[in-house]
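Listing of entry_31.cif, mmCIF, C-alpha atoms
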data_upload
loop_
_atom_site.label_atom_id
_atom_site.label_comp_id
_atom_site.auth_asym_id
_atom_site.auth_seq_id
_atom_site.Cartn_x
_atom_site.Cartn_y
_atom_site.Cartn_z
CA MET M 181 0.00 0.00 0.00
CA ASN M 182 1.39 3.38 -1.03
CA LEU M 183 0.90 5.97 1.71
CA GLU M 184 2.63 8.85 -0.08
CA VAL M 185 0.17 11.63 -0.87
CA GLU M 186 0.81 14.37 -3.40
CA SER M 187 -1.13 17.58 -3.97
CA ASP M 188 -2.27 16.19 -7.32
CA ASP M 189 -3.90 13.24 -5.53
CA LEU M 190 -6.08 15.59 -3.48
CA ILE M 191 -7.01 17.61 -6.55
CA ALA M 192 -7.91 14.37 -8.38
CA TYR M 193 -10.04 13.43 -5.36
CA GLY M 194 -12.04 16.62 -5.84
CA LEU M 195 -10.51 19.31 -3.65
CA ILE M 196 -9.93 22.67 -5.32
CA PRO M 197 -6.28 23.66 -5.96
CA GLU M 198 -6.60 26.89 -3.93
CA PHE M 199 -7.55 24.85 -0.87
CA VAL M 200 -4.88 22.17 -1.42
CA GLY M 201 -2.21 24.87 -1.76
CA ARG M 202 -2.82 25.90 1.86
CA PHE M 203 -1.71 22.49 3.25
CA PRO M 204 1.95 22.80 4.30
CA ILE M 205 2.37 19.05 4.87
CA LEU M 206 0.52 16.08 3.41
CA VAL M 207 0.66 12.71 5.16
CA GLY M 208 -0.94 9.36 4.38
CA LEU M 209 -2.25 7.26 7.27
CA SER M 210 -2.92 3.55 7.60
CA ALA M 211 -5.75 2.01 9.61
CA LEU M 212 -5.15 0.66 13.11
CA ASP M 213 -5.04 -3.12 13.53
CA GLU M 214 -6.88 -5.18 16.16
CA ASP M 215 -4.12 -5.06 18.79
CA GLN M 216 -3.76 -1.30 18.44
CA LEU M 217 -7.52 -0.78 18.85
CA VAL M 218 -7.49 -2.92 22.04
CA GLU M 219 -4.68 -0.71 23.34
CA VAL M 220 -6.72 2.40 22.53
CA LEU M 221 -9.58 0.90 24.56
CA MET M 222 -7.58 0.12 27.70
CA LYS M 223 -4.02 1.54 27.81
CA PRO M 224 -3.92 5.36 27.55
CA LYS M 225 -4.52 7.56 30.55
CA ASN M 226 -7.95 8.60 29.25
CA ALA M 227 -8.83 5.27 27.57
CA LEU M 228 -12.50 4.54 26.94
CA GLY M 229 -12.44 1.43 29.13
CA LYS M 230 -11.00 3.43 32.02
CA GLN M 231 -13.58 6.19 31.51
CA TYR M 232 -16.47 3.74 31.70
CA LYS M 233 -14.94 1.96 34.71
CA LYS M 234 -14.68 5.31 36.50
CA MET M 235 -18.24 6.28 35.56
CA PHE M 236 -19.59 2.96 36.89
CA SER M 237 -17.43 3.17 40.03
CA MET M 238 -19.04 6.53 40.88
CA SER M 239 -22.26 4.53 41.36
CA GLY M 240 -20.43 1.85 43.37
CA VAL M 241 -20.44 -0.67 40.50
CA LYS M 242 -17.42 -2.54 39.15
CA LEU M 243 -17.06 -2.94 35.38
CA TYR M 244 -15.10 -5.84 33.89
CA PHE M 245 -14.17 -6.64 30.29
CA THR M 246 -12.92 -10.03 29.09
CA GLU M 247 -9.94 -10.02 26.75
CA TYR M 248 -11.97 -11.73 24.03
CA ALA M 249 -14.72 -9.10 24.35
CA LEU M 250 -12.16 -6.33 23.82
CA ARG M 251 -10.91 -8.12 20.72
CA LEU M 252 -14.46 -8.48 19.38
CA ILE M 253 -15.12 -4.78 19.94
CA SER M 254 -11.96 -4.02 17.96
CA LYS M 255 -13.00 -6.41 15.19
CA LYS M 256 -16.40 -4.71 14.98
CA ALA M 257 -14.74 -1.31 14.62
CA MET M 258 -12.48 -2.66 11.88
CA ALA M 259 -15.36 -4.37 10.05
CA LYS M 260 -17.43 -1.17 10.09
CA ASN M 261 -14.32 0.79 9.09
CA ILE M 262 -14.91 3.30 11.90
CA GLY M 263 -11.54 2.99 13.62
CA ALA M 264 -10.75 4.28 17.08
CA ARG M 265 -13.36 7.05 16.96
CA GLY M 266 -16.13 4.49 16.56
CA LEU M 267 -15.15 2.50 19.64
CA ARG M 268 -17.22 4.76 21.89
CA ALA M 269 -20.38 4.10 19.84
CA ILE M 270 -19.84 0.34 20.10
CA LEU M 271 -19.27 0.54 23.87
CA GLU M 272 -22.33 2.77 24.29
CA ASN M 273 -24.44 0.19 22.49
CA ILE M 274 -23.17 -2.59 24.78
CA LEU M 275 -23.44 -0.66 28.06
CA THR M 276 -26.58 1.45 27.51
CA GLU M 277 -28.99 -0.82 29.37
CA ALA M 278 -26.60 -1.23 32.31
CA MET M 279 -26.12 2.55 32.51
CA PHE M 280 -29.89 3.02 32.78
CA GLU M 281 -30.37 0.10 35.15
CA ILE M 282 -27.83 1.19 37.78
CA PRO M 283 -29.63 4.36 38.98
CA ASN M 284 -32.92 2.44 39.20
CA THR M 285 -31.56 -0.08 41.74
CA LYS M 286 -31.40 1.98 44.92
CA VAL M 287 -32.81 -0.79 47.13
CA GLU M 288 -29.93 -2.67 48.78
CA SER M 289 -31.40 -6.11 48.07
CA HIS M 290 -31.48 -5.43 44.32
CA ARG M 291 -28.41 -3.26 44.00
CA VAL M 292 -26.15 -3.76 40.97
CA ASN M 293 -22.65 -4.73 42.10
CA VAL M 294 -20.86 -5.77 38.90
CA VAL M 295 -21.32 -5.30 35.17
CA LEU M 296 -19.51 -7.81 32.96
CA VAL M 297 -18.80 -7.36 29.26
CA ASP M 298 -17.95 -10.67 27.62
CA GLU M 299 -18.13 -11.90 24.03
CA GLU M 300 -21.82 -12.73 24.36
CA ALA M 301 -22.49 -9.13 25.40
CA VAL M 302 -20.59 -7.82 22.37
CA GLY M 303 -21.96 -10.30 19.81
CA SER M 304 -20.30 -11.26 16.57
CA VAL M 305 -18.84 -8.89 14.02
CA ASP M 306 -22.08 -9.03 12.02
CA GLU M 307 -24.65 -9.14 14.83
CA THR M 308 -25.45 -7.11 17.91
CA GLY M 309 -24.78 -8.77 21.26
CA CYS M 310 -27.13 -9.11 24.21
CA GLY M 311 -25.63 -6.23 26.17
CA ALA M 312 -23.55 -6.26 29.33
CA LYS M 313 -24.37 -8.79 32.05
CA ILE M 314 -25.61 -7.21 35.25
CA LEU M 315 -24.72 -9.05 38.47
CA TYR M 316 -26.63 -8.22 41.64
CA ALA M 317 -25.09 -10.45 44.32
CA GLU M 318 -21.90 -9.22 45.98
CA ASN M 319 -19.80 -12.37 45.57
CA GLU M 320 -20.95 -13.37 42.07
CA MET M 321 -18.02 -11.77 40.23
CA ASP M 322 -15.56 -13.52 42.55
CA ARG M 323 -17.24 -16.81 41.68
CA VAL M 324 -17.10 -15.99 37.96
CA LEU M 325 -13.39 -15.11 38.11
CA GLU M 326 -12.69 -18.23 40.18
CA ASP M 327 -14.45 -20.37 37.60
CA ILE M 328 -12.53 -18.70 34.79
CA ASP M 329 -9.24 -19.41 36.60
CA GLN M 330 -10.25 -23.06 36.92
CA GLY M 331 -10.89 -23.13 33.17
CA TRP M 332 -14.64 -23.73 33.10
CA LEU M 333 -17.85 -21.85 33.25
CA ALA M 334 -20.93 -23.35 31.69
CA GLY M 335 -24.27 -21.78 30.92
CA ASP M 336 -25.85 -23.63 33.87
CA VAL M 337 -23.68 -21.65 36.28
CA TRP M 338 -25.31 -18.42 35.06
CA LYS M 339 -28.74 -19.82 35.91
CA LYS M 340 -27.67 -20.31 39.55
CA MET M 341 -26.35 -16.76 39.90
CA GLU M 342 -28.28 -13.59 40.52
CA VAL M 343 -27.69 -12.28 37.02
CA ARG M 344 -30.19 -10.29 35.03
CA ARG M 345 -29.78 -10.57 31.31
CA PRO M 346 -31.39 -8.08 28.93
CA LYS M 347 -35.05 -8.88 28.25
CA PHE M 348 -34.62 -9.56 24.55
CA LEU M 349 -32.16 -12.42 25.15
CA GLN M 350 -34.02 -15.73 25.25
CA SER M 351 -31.28 -18.29 25.98
CA TRP M 352 -28.56 -18.23 28.60
CA GLY M 353 -25.83 -19.44 26.24
CA SER M 354 -22.33 -20.18 27.44
CA PHE M 355 -19.53 -18.06 28.80
CA ASN M 356 -16.11 -18.03 27.15
CA THR M 357 -13.24 -18.83 29.47
CA ALA M 358 -11.34 -15.65 28.67
CA VAL M 359 -9.51 -13.85 31.43
CA ALA M 360 -11.18 -10.71 32.77
CA VAL M 361 -9.09 -7.63 32.16
CA GLN M 362 -8.65 -5.24 35.03
CA SER M 363 -6.90 -1.91 34.50
CA SER M 364 -5.30 0.00 37.32
#
Would you kindly transcribe this structure into structure tokens?
Amino acid sequence: MNLEVESDDLIAYGLIPEFVGRFPILVGLSALDEDQLVEVLMKPKNALGKQYKKMFSMSGVKLYFTEYALRLISKKAMAKNIGARGLRAILENILTEAMFEIPNTKVESHRVNVVLVDEEAVGSVDETGCGAKILYAENEMDRVLEDIDQGWLAGDVWKKMEVRRPKFLQSWGSFNTAVAVQSS
């Protein structure tokens, strides 16, 4: 792929020469790959993942992402050709119901403690996922992480937990054994 851009290229694209003449430097850019998009989600000081974790923590709720879910989010952004700027829209779509559910659970017995974003919440590259999993019981996330560490977590385990899945999801499905990512 040739990333060198000349003034003639911009004129051929449709920009008027008077406008192109005002650009002191022309640079071609390449798209970010999957690993770079995952880094954009979680690594920088003001990363989107950290912003959402902070927003949820202000309501006393912990937010977790699995590694595979982060990769799926990146793949969705690449498939839609929206790059790093589109990551926020994808995350908003996944976390919208949880963001509206948290303020509505003021009663201690039905208080949201953890929100989990896994690959089922994200969905495939072509399809929308079911949304983030909302866990109400205090120790449920510890049990989930323990089960992940042991290398298993079947759909039946979700049925035993106090987990509320979005209304439009009919089946419980299974949980991938990816490691939950925690940023500091």
List, as a PDB file with C-alpha atoms, keeping the file's coordinate frame, every residue that the PyMOL selection byres ((chain M and resi 264-270) around 9) selects in the file provided.
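part28.pdb, freshly written:
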ATOM      1  CA  LEU M 212      -5.150   0.660  13.110  1.00  0.00           C
ATOM      2  CA  LEU M 217      -7.520  -0.780  18.850  1.00  0.00           C
ATOM      3  CA  VAL M 220      -6.720   2.400  22.530  1.00  0.00           C
ATOM      4  CA  LEU M 221      -9.580   0.900  24.560  1.00  0.00           C
ATOM      5  CA  LEU M 228     -12.500   4.540  26.940  1.00  0.00           C
ATOM      6  CA  ILE M 253     -15.120  -4.780  19.940  1.00  0.00           C
ATOM      7  CA  SER M 254     -11.960  -4.020  17.960  1.00  0.00           C
ATOM      8  CA  LYS M 256     -16.400  -4.710  14.980  1.00  0.00           C
ATOM      9  CA  ALA M 257     -14.740  -1.310  14.620  1.00  0.00           C
ATOM     10  CA  MET M 258     -12.480  -2.660  11.880  1.00  0.00           C
ATOM     11  CA  LYS M 260     -17.430  -1.170  10.090  1.00  0.00           C
ATOM     12  CA  ASN M 261     -14.320   0.790   9.090  1.00  0.00           C
ATOM     13  CA  ILE M 262     -14.910   3.300  11.900  1.00  0.00           C
ATOM     14  CA  GLY M 263     -11.540   2.990  13.620  1.00  0.00           C
ATOM     15  CA  LEU M 271     -19.270   0.540  23.870  1.00  0.00           C
ATOM     16  CA  GLU M 272     -22.330   2.770  24.290  1.00  0.00           C
ATOM     17  CA  ASN M 273     -24.440   0.190  22.490  1.00  0.00           C
ATOM     18  CA  ILE M 274     -23.170  -2.590  24.780  1.00  0.00           C
ATOM     19  CA  LEU M 275     -23.440  -0.660  28.060  1.00  0.00           C
ATOM     20  CA  VAL M 302     -20.590  -7.820  22.370  1.00  0.00           C
TER      21      VAL M 302
END
Could you list, as a VMD selection string, every residue matched by the PyMOL selection byres ((chain M and resi 277) around 10) in this structure?
chain M and resid 272 to 276 278 to 282 310 to 314 345 to 346
Would you be able to write out as an mmCIF file with C-alpha atoms, in the frame of the given file which residues have an atom within 8 Å of (-5.1, -6.8, 27.6) in the file's coordinates, counting all atoms listed in the file?
data_model
loop_
_atom_site.group_PDB
_atom_site.id
_atom_site.type_symbol
_atom_site.label_atom_id
_atom_site.label_comp_id
_atom_site.auth_asym_id
_atom_site.auth_seq_id
_atom_site.Cartn_x
_atom_site.Cartn_y
_atom_site.Cartn_z
ATOM 1 C CA VAL M 218 -7.490 -2.920 22.040
ATOM 2 C CA GLU M 219 -4.680 -0.710 23.340
ATOM 3 C CA MET M 222 -7.580 0.120 27.700
ATOM 4 C CA GLU M 247 -9.940 -10.020 26.750
ATOM 5 C CA VAL M 361 -9.090 -7.630 32.160
#
Which one is closest to M:Leu209: M:Leu183, M:Tyr232, M:Ile196, M:Lys223? Count only C-alpha atoms.
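Ranked by minimum distance to M:Leu209, first place goes to M:Leu183.
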For M:Glu307, the nearest of the candidates M:Val294, M:Ile191, M:Ala259, M:Leu243, counting all atoms listed in the file
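Distance minimum relative to M:Glu307 lands on M:Ala259.
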Would you mind putting N, CA and C atoms back on stretch 288-302 of chain M and writing the result as a PDB file, in the frame of the given file?
ATOM      1  N   GLU M 288     -31.135  -1.881  48.511  1.00  0.00           N
ATOM      2  CA  GLU M 288     -29.930  -2.670  48.780  1.00  0.00           C
ATOM      3  C   GLU M 288     -30.054  -4.119  48.326  1.00  0.00           C
ATOM      4  N   SER M 289     -31.239  -4.707  48.440  1.00  0.00           N
ATOM      5  CA  SER M 289     -31.400  -6.110  48.070  1.00  0.00           C
ATOM      6  C   SER M 289     -31.314  -6.330  46.556  1.00  0.00           C
ATOM      7  N   HIS M 290     -31.561  -5.298  45.773  1.00  0.00           N
ATOM      8  CA  HIS M 290     -31.480  -5.430  44.320  1.00  0.00           C
ATOM      9  C   HIS M 290     -30.484  -4.446  43.724  1.00  0.00           C
ATOM     10  N   ARG M 291     -29.419  -4.203  44.457  1.00  0.00           N
ATOM     11  CA  ARG M 291     -28.410  -3.260  44.000  1.00  0.00           C
ATOM     12  C   ARG M 291     -27.453  -3.935  43.028  1.00  0.00           C
ATOM     13  N   VAL M 292     -27.114  -3.251  41.943  1.00  0.00           N
ATOM     14  CA  VAL M 292     -26.150  -3.760  40.970  1.00  0.00           C
ATOM     15  C   VAL M 292     -24.762  -3.640  41.572  1.00  0.00           C
ATOM     16  N   ASN M 293     -24.009  -4.735  41.561  1.00  0.00           N
ATOM     17  CA  ASN M 293     -22.650  -4.730  42.100  1.00  0.00           C
ATOM     18  C   ASN M 293     -21.590  -4.779  41.009  1.00  0.00           C
ATOM     19  N   VAL M 294     -21.855  -5.556  39.953  1.00  0.00           N
ATOM     20  CA  VAL M 294     -20.860  -5.770  38.900  1.00  0.00           C
ATOM     21  C   VAL M 294     -21.558  -5.777  37.549  1.00  0.00           C
ATOM     22  N   VAL M 295     -20.885  -5.202  36.565  1.00  0.00           N
ATOM     23  CA  VAL M 295     -21.320  -5.300  35.170  1.00  0.00           C
ATOM     24  C   VAL M 295     -20.174  -5.977  34.417  1.00  0.00           C
ATOM     25  N   LEU M 296     -20.508  -7.021  33.672  1.00  0.00           N
ATOM     26  CA  LEU M 296     -19.510  -7.810  32.960  1.00  0.00           C
ATOM     27  C   LEU M 296     -19.766  -7.722  31.458  1.00  0.00           C
ATOM     28  N   VAL M 297     -18.725  -7.377  30.715  1.00  0.00           N
ATOM     29  CA  VAL M 297     -18.800  -7.360  29.260  1.00  0.00           C
ATOM     30  C   VAL M 297     -17.954  -8.523  28.751  1.00  0.00           C
ATOM     31  N   ASP M 298     -18.634  -9.526  28.219  1.00  0.00           N
ATOM     32  CA  ASP M 298     -17.950 -10.670  27.620  1.00  0.00           C
ATOM     33  C   ASP M 298     -18.318 -10.746  26.148  1.00  0.00           C
ATOM     34  N   GLU M 299     -17.888 -11.792  25.477  1.00  0.00           N
ATOM     35  CA  GLU M 299     -18.130 -11.900  24.030  1.00  0.00           C
ATOM     36  C   GLU M 299     -19.605 -12.041  23.693  1.00  0.00           C
ATOM     37  N   GLU M 300     -20.380 -12.617  24.584  1.00  0.00           N
ATOM     38  CA  GLU M 300     -21.820 -12.730  24.360  1.00  0.00           C
ATOM     39  C   GLU M 300     -22.480 -11.348  24.427  1.00  0.00           C
ATOM     40  N   ALA M 301     -21.965 -10.494  25.282  1.00  0.00           N
ATOM     41  CA  ALA M 301     -22.490  -9.130  25.400  1.00  0.00           C
ATOM     42  C   ALA M 301     -22.180  -8.316  24.142  1.00  0.00           C
ATOM     43  N   VAL M 302     -21.018  -8.564  23.552  1.00  0.00           N
ATOM     44  CA  VAL M 302     -20.590  -7.820  22.370  1.00  0.00           C
ATOM     45  C   VAL M 302     -21.267  -8.360  21.112  1.00  0.00           C
TER      46      VAL M 302
END
